[in-house]
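> Please read through the structure below; I'll follow up with questions.
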Amino acid sequence: MNRARLLQEIRTMRFDEAYTSWQDKRLTQEEAAQLLGVCERTFRRYIDRYQEAGLEGLLDRRMHEVSHHRAPVDEVLGLEDLYKQTYGGWNVQHFHERYRDHHKGTRSYTWVKSTLQKAALVSKGRRKGTHRLQRPRKPLEGMMVHQDGSTHEWVPGVMWDLIVTLDDATGEVYSGFFTAQEGTQSSFQGVLETIERKGLFSSFYSDRGSHYWHTPKAGEKVDKRKLTQFGRAMNQLGIEAIAAYSPQARGRSERIFGTLQGRLPQELALAGITDMAAANRFLKKYWVLFNRRFAVKAAEPGSAFVPVLGVDLKEILCLQTPRTVGRDNCVSYGGKSLQIPAQTHRCHFVKVKVRVHEHPDGTLAIFHGPRCLARYTSDGLLADAIKENRKRAA
């Protein structure tokens with residue numbers, strides 16, 4: 001028995017008691033009405049209905065009528081078919097947005113959710129856990145940038161890493177792309193895309209992944225003196241690096257990945273995308289819509305981003321590895337032999353300490369102090385030589 005019917009049964013039993021007491025003149029009409037929690041006039045109406053039809057006359061006739069607000073059966077079945085045939089597996093909020101924007105649906109989110117749950121097409125959410133206080137957002141955009149990766153089956157049968165770089169104050173995604181595996185180069189790429197788009201930011205917040213930090217003992221504090229390649233780059237740019245010590249501390253990025261995992265695979269499937277290159281092209285347009293839907297306004301006007309002046313970002317946001325030049329004026333790196341071309345200011349570089357820069361796109365460069373001696377393709381071929389050959393061929 002549902003709650004409405006139960007309350008109706010209780011009301012009829014109480015009326016029977018109040019009516020009998022009034023008939024026996026143990027209660028006045030006013031006292032009997034107070035017992036039922038109604039006014040004296042309503043009690044007299046109950047008496048008239050009871051004397052005409054007995055206890056049946058007290059029942060709420062609306063309970064046996066179909067509500068005028070109930071959706072037609074065809075509309076309910078149409079919604080269920082739309083979900084099953086095209087949007088199976090989408091979360092309710094994502095589906096409701098598509099239903100409203102692309103299918104001109106007029107029903108509320110609550111109605112759509114209830115309808116899908118009754119049809120067992122979506123499951124009811126778990127009960128929320130212990131209440132936690134959320135860390136306040138930074139007041140200005142550019143004060144703190146988050147970066148994190150999520151390994152997930154973004155397309156059927158394949159696990160990719162999605163690297164996302166977003167602002168703490170607004171939640172706006174500045175960079176997001178798929179890669180085979182998260183690492184130093186993918187982190188460099190996310191930061192590079194962010195700085196090129198917005199400028200230098202104040203602080204960088206991340207987990208304690210080994211490409212971000214050295215952690216002497218698992219579970220303990222990071223070593224801020226022994227820098228990784230990524231830590232060295234942040235130090236060069238004057239960006240404060242901050243390590244998170246719990247999943248809750250990274251709640252902002254964890255929540256956005258929860259949203260993305262519930263939406264992005266469905267969007268990619270709807271677009272018929274199965275390869276990484278096409279997926280990354282799709283993301284460039286997707287972030288515009290995503291930010292429009294989920295980004296918020298910063299608490300304070302203005303920006304903490306500052307322009308980059310006189311800095312070659314690509315030579316900072318890269319792997320920098322010391323090497324010693326061999327007797328053949330070549331540098332060995334990653335199984336490749338990088339030939340240093342003839343220089344006007346020096347005869348040779350035999351036994352000289354140099355740096356090899358490996359960029360996120362795989363290209364290489366050799367530096368002696370601040371001077372770039374040569375640039376190479378990912379295969380270790382001199383880039384200038386390749387350009388010259390192309391000119392000759394043209």
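Ligands are numbered from 1 in the order shown, chains are lettered A, B, ... in the order of the structure tokens, and residues start at 1 in each chain.
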Write out as a VMD selection string the set of residues from stretch 178-372 of chain A that DSSP, computed on the backbone, places in strand (DSSP E or B).
chain A and resid 178 to 179 200 203 to 206 214 223 240 to 243 303 306 319 to 324 330 to 333 336 to 339 353 to 358 364 to 368 371 to 372
> Output N, CA and C atoms for every residue in the selection just made, as a short mmCIF file (atom, residue, chain, number, x, y, z; two decimals), in the first residue's frame.

data_model
loop_
_atom_site.label_atom_id
_atom_site.label_comp_id
_atom_site.auth_asym_id
_atom_site.auth_seq_id
_atom_site.Cartn_x
_atom_site.Cartn_y
_atom_site.Cartn_z
N PHE A 178 44.23 13.13 -26.31
CA PHE A 178 44.47 11.72 -26.06
C PHE A 178 45.92 11.39 -26.38
N THR A 179 46.48 10.46 -25.61
CA THR A 179 47.82 9.96 -25.87
C THR A 179 47.87 8.50 -25.46
N LEU A 200 51.62 32.88 -18.95
CA LEU A 200 52.19 32.19 -17.78
C LEU A 200 51.23 32.27 -16.59
N SER A 203 50.70 28.99 -10.41
CA SER A 203 51.04 27.71 -9.77
C SER A 203 50.45 26.55 -10.55
N PHE A 204 51.06 25.39 -10.36
CA PHE A 204 50.68 24.17 -11.08
C PHE A 204 50.39 23.08 -10.06
N TYR A 205 49.20 22.47 -10.14
CA TYR A 205 48.75 21.49 -9.15
C TYR A 205 48.61 20.13 -9.82
N SER A 206 49.23 19.11 -9.26
CA SER A 206 49.19 17.78 -9.89
C SER A 206 49.27 16.70 -8.83
N HIS A 214 59.91 13.49 -7.67
CA HIS A 214 60.66 12.39 -7.07
C HIS A 214 60.09 12.18 -5.67
N ASP A 223 60.25 15.07 -2.88
CA ASP A 223 61.53 15.76 -2.70
C ASP A 223 61.53 16.99 -3.63
N GLU A 240 55.15 27.95 -9.55
CA GLU A 240 55.20 27.14 -8.33
C GLU A 240 54.49 25.80 -8.57
N ALA A 241 55.20 24.71 -8.30
CA ALA A 241 54.61 23.37 -8.45
C ALA A 241 54.11 22.88 -7.09
N ILE A 242 52.87 22.38 -7.05
CA ILE A 242 52.23 21.94 -5.81
C ILE A 242 51.79 20.49 -5.98
N ALA A 243 52.16 19.64 -5.03
CA ALA A 243 51.81 18.21 -5.10
C ALA A 243 50.56 17.94 -4.27
N SER A 303 42.76 38.84 -14.33
CA SER A 303 43.47 37.61 -14.65
C SER A 303 44.86 37.64 -14.03
N VAL A 306 50.14 36.15 -17.17
CA VAL A 306 51.02 37.21 -17.65
C VAL A 306 51.61 36.77 -18.99
N LEU A 319 62.48 17.59 -22.83
CA LEU A 319 63.48 16.81 -22.10
C LEU A 319 64.87 17.36 -22.41
N GLN A 320 65.62 17.66 -21.37
CA GLN A 320 66.98 18.17 -21.55
C GLN A 320 67.95 17.16 -20.94
N THR A 321 68.80 16.59 -21.79
CA THR A 321 69.70 15.52 -21.35
C THR A 321 71.15 15.89 -21.67
N PRO A 322 72.05 15.88 -20.66
CA PRO A 322 73.47 16.20 -20.94
C PRO A 322 74.14 15.06 -21.70
N ARG A 323 74.99 15.43 -22.63
CA ARG A 323 75.76 14.45 -23.39
C ARG A 323 77.17 15.00 -23.65
N THR A 324 78.11 14.10 -23.93
CA THR A 324 79.47 14.48 -24.31
C THR A 324 79.67 14.13 -25.78
N CYS A 330 79.92 13.62 -33.19
CA CYS A 330 78.53 13.14 -33.12
C CYS A 330 78.12 12.98 -31.66
N VAL A 331 76.81 13.02 -31.43
CA VAL A 331 76.23 12.82 -30.09
C VAL A 331 75.29 11.62 -30.17
N SER A 332 75.49 10.68 -29.27
CA SER A 332 74.60 9.51 -29.22
C SER A 332 73.41 9.82 -28.33
N TYR A 333 72.20 9.53 -28.85
CA TYR A 333 70.99 9.80 -28.06
C TYR A 333 69.86 8.90 -28.56
N LYS A 336 70.32 6.88 -31.60
CA LYS A 336 70.60 7.64 -32.82
C LYS A 336 71.96 8.33 -32.69
N SER A 337 72.60 8.56 -33.82
CA SER A 337 73.86 9.29 -33.85
C SER A 337 73.59 10.64 -34.50
N LEU A 338 73.66 11.71 -33.69
CA LEU A 338 73.33 13.05 -34.16
C LEU A 338 74.62 13.78 -34.57
N GLN A 339 74.78 13.99 -35.85
CA GLN A 339 75.97 14.65 -36.38
C GLN A 339 75.86 16.16 -36.21
N LYS A 353 80.79 19.20 -23.41
CA LYS A 353 79.51 18.90 -22.77
C LYS A 353 78.41 19.70 -23.47
N VAL A 354 77.39 19.03 -23.96
CA VAL A 354 76.27 19.68 -24.63
C VAL A 354 74.96 19.15 -24.03
N ARG A 355 73.84 19.75 -24.48
CA ARG A 355 72.51 19.28 -24.05
C ARG A 355 71.70 18.87 -25.27
N VAL A 356 71.04 17.73 -25.14
CA VAL A 356 70.10 17.31 -26.18
C VAL A 356 68.69 17.64 -25.70
N HIS A 357 67.94 18.38 -26.51
CA HIS A 357 66.55 18.72 -26.20
C HIS A 357 65.63 17.83 -27.03
N GLU A 358 64.77 17.09 -26.35
CA GLU A 358 63.76 16.29 -27.05
C GLU A 358 62.39 16.91 -26.81
N LEU A 364 64.39 16.90 -32.23
CA LEU A 364 65.53 17.02 -31.33
C LEU A 364 66.33 18.28 -31.66
N ALA A 365 67.14 18.70 -30.68
CA ALA A 365 68.06 19.82 -30.90
C ALA A 365 69.25 19.64 -29.98
N ILE A 366 70.42 20.13 -30.41
CA ILE A 366 71.62 20.09 -29.57
C ILE A 366 71.99 21.53 -29.22
N PHE A 367 72.19 21.77 -27.89
CA PHE A 367 72.55 23.10 -27.41
C PHE A 367 73.91 23.06 -26.72
N HIS A 368 74.69 24.09 -26.97
CA HIS A 368 75.93 24.31 -26.23
C HIS A 368 75.75 25.63 -25.50
N ARG A 371 73.42 28.46 -27.07
CA ARG A 371 73.47 28.39 -28.53
C ARG A 371 72.96 27.06 -29.05
N CYS A 372 72.05 27.14 -30.01
CA CYS A 372 71.55 25.93 -30.67
C CYS A 372 72.50 25.56 -31.80
#
> Need to verify the contact set: A:Leu382, 10 Å, only C-alpha atoms, exclusion of same-chain residues closer than 2 positions in sequence. Can you return it as a PyMOL selection string?
chain A and resi 338-341+364-365+374-380+384-387
> To one decimal in Å, tell me the separation between atom CA of A:Phe43 and atom CA of A:Gln29.
7.4 Å
> Report, in Å to a single decimal, how far apart atom CA of A:Glu267 and atom CA of A:Trp154 are.
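Between atom CA of A:Trp154 and atom CA of A:Glu267 the gap is 9.8 Å.
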> May I ask which of the residues A:Glu172, A:Ala53, A:Gly369, A:Val296 is the closest one to A:Lys198, counting only C-alpha atoms?
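Smallest separation from A:Lys198 among the options: A:Glu172.
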> In terms of the shortest atom-to-atom distance over only C-alpha atoms, which of A:Asp328, A:Ala269, A:Tyr212, A:Ser186 is closest to A:His359?
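Closest to A:His359, using only C-alpha atoms: A:Ser186.
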> Apply DSSP to the backbone of this structure and, from stretch 124-248 of chain A, keep only the residues in helix (DSSP H, G or I); write these as a PDB file with N, CA and C atoms, in the first residue's frame.

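Generated output (selection37.pdb):
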ATOM      1  N   THR A 184      56.062  12.567 -19.171  1.00  0.00           N
ATOM      2  CA  THR A 184      56.650  13.900 -19.144  1.00  0.00           C
ATOM      3  C   THR A 184      56.284  14.697 -20.390  1.00  0.00           C
ATOM      4  N   GLN A 185      56.400  14.085 -21.570  1.00  0.00           N
ATOM      5  CA  GLN A 185      56.145  14.816 -22.806  1.00  0.00           C
ATOM      6  C   GLN A 185      54.683  15.241 -22.930  1.00  0.00           C
ATOM      7  N   SER A 186      53.759  14.395 -22.502  1.00  0.00           N
ATOM      8  CA  SER A 186      52.344  14.775 -22.557  1.00  0.00           C
ATOM      9  C   SER A 186      52.051  15.912 -21.586  1.00  0.00           C
ATOM     10  N   SER A 187      52.728  15.912 -20.427  1.00  0.00           N
ATOM     11  CA  SER A 187      52.557  17.005 -19.469  1.00  0.00           C
ATOM     12  C   SER A 187      53.111  18.306 -20.032  1.00  0.00           C
ATOM     13  N   PHE A 188      54.275  18.216 -20.696  1.00  0.00           N
ATOM     14  CA  PHE A 188      54.845  19.392 -21.352  1.00  0.00           C
ATOM     15  C   PHE A 188      53.873  19.950 -22.395  1.00  0.00           C
ATOM     16  N   GLN A 189      53.281  19.058 -23.167  1.00  0.00           N
ATOM     17  CA  GLN A 189      52.385  19.506 -24.235  1.00  0.00           C
ATOM     18  C   GLN A 189      51.180  20.252 -23.661  1.00  0.00           C
ATOM     19  N   GLY A 190      50.605  19.734 -22.566  1.00  0.00           N
ATOM     20  CA  GLY A 190      49.456  20.388 -21.948  1.00  0.00           C
ATOM     21  C   GLY A 190      49.802  21.774 -21.430  1.00  0.00           C
ATOM     22  N   VAL A 191      50.973  21.903 -20.799  1.00  0.00           N
ATOM     23  CA  VAL A 191      51.399  23.203 -20.276  1.00  0.00           C
ATOM     24  C   VAL A 191      51.713  24.160 -21.428  1.00  0.00           C
ATOM     25  N   LEU A 192      52.378  23.660 -22.465  1.00  0.00           N
ATOM     26  CA  LEU A 192      52.722  24.497 -23.611  1.00  0.00           C
ATOM     27  C   LEU A 192      51.470  25.060 -24.274  1.00  0.00           C
ATOM     28  N   GLU A 193      50.461  24.214 -24.489  1.00  0.00           N
ATOM     29  CA  GLU A 193      49.222  24.674 -25.117  1.00  0.00           C
ATOM     30  C   GLU A 193      48.514  25.701 -24.243  1.00  0.00           C
ATOM     31  N   THR A 194      48.591  25.523 -22.924  1.00  0.00           N
ATOM     32  CA  THR A 194      47.958  26.472 -22.001  1.00  0.00           C
ATOM     33  C   THR A 194      48.648  27.828 -22.037  1.00  0.00           C
ATOM     34  N   ILE A 195      49.979  27.826 -21.973  1.00  0.00           N
ATOM     35  CA  ILE A 195      50.728  29.091 -21.970  1.00  0.00           C
ATOM     36  C   ILE A 195      50.589  29.805 -23.303  1.00  0.00           C
ATOM     37  N   GLU A 196      50.635  29.066 -24.401  1.00  0.00           N
ATOM     38  CA  GLU A 196      50.472  29.698 -25.709  1.00  0.00           C
ATOM     39  C   GLU A 196      49.090  30.329 -25.859  1.00  0.00           C
ATOM     40  N   ARG A 197      48.113  29.749 -25.204  1.00  0.00           N
ATOM     41  CA  ARG A 197      46.749  30.271 -25.323  1.00  0.00           C
ATOM     42  C   ARG A 197      46.474  31.418 -24.357  1.00  0.00           C
ATOM     43  N   LYS A 198      46.960  31.300 -23.100  1.00  0.00           N
ATOM     44  CA  LYS A 198      46.586  32.270 -22.072  1.00  0.00           C
ATOM     45  C   LYS A 198      47.757  33.084 -21.522  1.00  0.00           C
ATOM     46  N   GLN A 229      62.457  16.308 -14.811  1.00  0.00           N
ATOM     47  CA  GLN A 229      62.504  17.179 -15.988  1.00  0.00           C
ATOM     48  C   GLN A 229      61.356  18.183 -15.954  1.00  0.00           C
ATOM     49  N   PHE A 230      60.197  17.730 -15.535  1.00  0.00           N
ATOM     50  CA  PHE A 230      59.047  18.633 -15.484  1.00  0.00           C
ATOM     51  C   PHE A 230      59.244  19.681 -14.388  1.00  0.00           C
ATOM     52  N   GLY A 231      59.740  19.262 -13.233  1.00  0.00           N
ATOM     53  CA  GLY A 231      59.995  20.204 -12.150  1.00  0.00           C
ATOM     54  C   GLY A 231      61.018  21.252 -12.531  1.00  0.00           C
ATOM     55  N   ARG A 232      62.056  20.825 -13.270  1.00  0.00           N
ATOM     56  CA  ARG A 232      63.069  21.766 -13.752  1.00  0.00           C
ATOM     57  C   ARG A 232      62.449  22.821 -14.668  1.00  0.00           C
ATOM     58  N   ALA A 233      61.530  22.389 -15.553  1.00  0.00           N
ATOM     59  CA  ALA A 233      60.890  23.329 -16.478  1.00  0.00           C
ATOM     60  C   ALA A 233      60.018  24.328 -15.725  1.00  0.00           C
ATOM     61  N   MET A 234      59.267  23.866 -14.724  1.00  0.00           N
ATOM     62  CA  MET A 234      58.445  24.785 -13.937  1.00  0.00           C
ATOM     63  C   MET A 234      59.321  25.793 -13.197  1.00  0.00           C
ATOM     64  N   ASN A 235      60.443  25.317 -12.690  1.00  0.00           N
ATOM     65  CA  ASN A 235      61.373  26.200 -11.983  1.00  0.00           C
ATOM     66  C   ASN A 235      61.935  27.264 -12.934  1.00  0.00           C
ATOM     67  N   GLN A 236      62.262  26.870 -14.147  1.00  0.00           N
ATOM     68  CA  GLN A 236      62.781  27.816 -15.131  1.00  0.00           C
ATOM     69  C   GLN A 236      61.748  28.884 -15.489  1.00  0.00           C
ATOM     70  N   LEU A 237      60.485  28.499 -15.522  1.00  0.00           N
ATOM     71  CA  LEU A 237      59.427  29.438 -15.893  1.00  0.00           C
ATOM     72  C   LEU A 237      58.910  30.247 -14.700  1.00  0.00           C
ATOM     73  N   GLN A 248      41.095  13.295  -2.694  1.00  0.00           N
ATOM     74  CA  GLN A 248      40.179  14.380  -2.378  1.00  0.00           C
ATOM     75  C   GLN A 248      40.801  15.737  -2.696  1.00  0.00           C
TER      76      GLN A 248
END
> Measure the distance from atom CA of A:Arg292 to atom CA of A:Ile273 in Å and round it to one decimal.
22.7 Å
> If you count only C-alpha atoms, which residues fall within 12 Å of A:Lys84, apart from same-chain ones fewer than 6 positions away, as a PyMOL selection string?
chain A and resi 77-78+90+95+116+119-122
> Excluding same-chain residues fewer than 2 positions from A:Ile47, what lies within 12 Å of it counting only C-alpha atoms, as a list in words?
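In the requested format, the answer is Thr12, Phe15, Asp16, Ala18, Tyr19, Thr20, Trp22, Gln23, Gln29, Ala32, Ala33, Glu40, Arg41, Thr42, Phe43, Arg44, Arg45, Arg49, Tyr50, Gln51, Glu52, Ala53, Gly54, Leu55, Gly57 and Leu58 of chain A.
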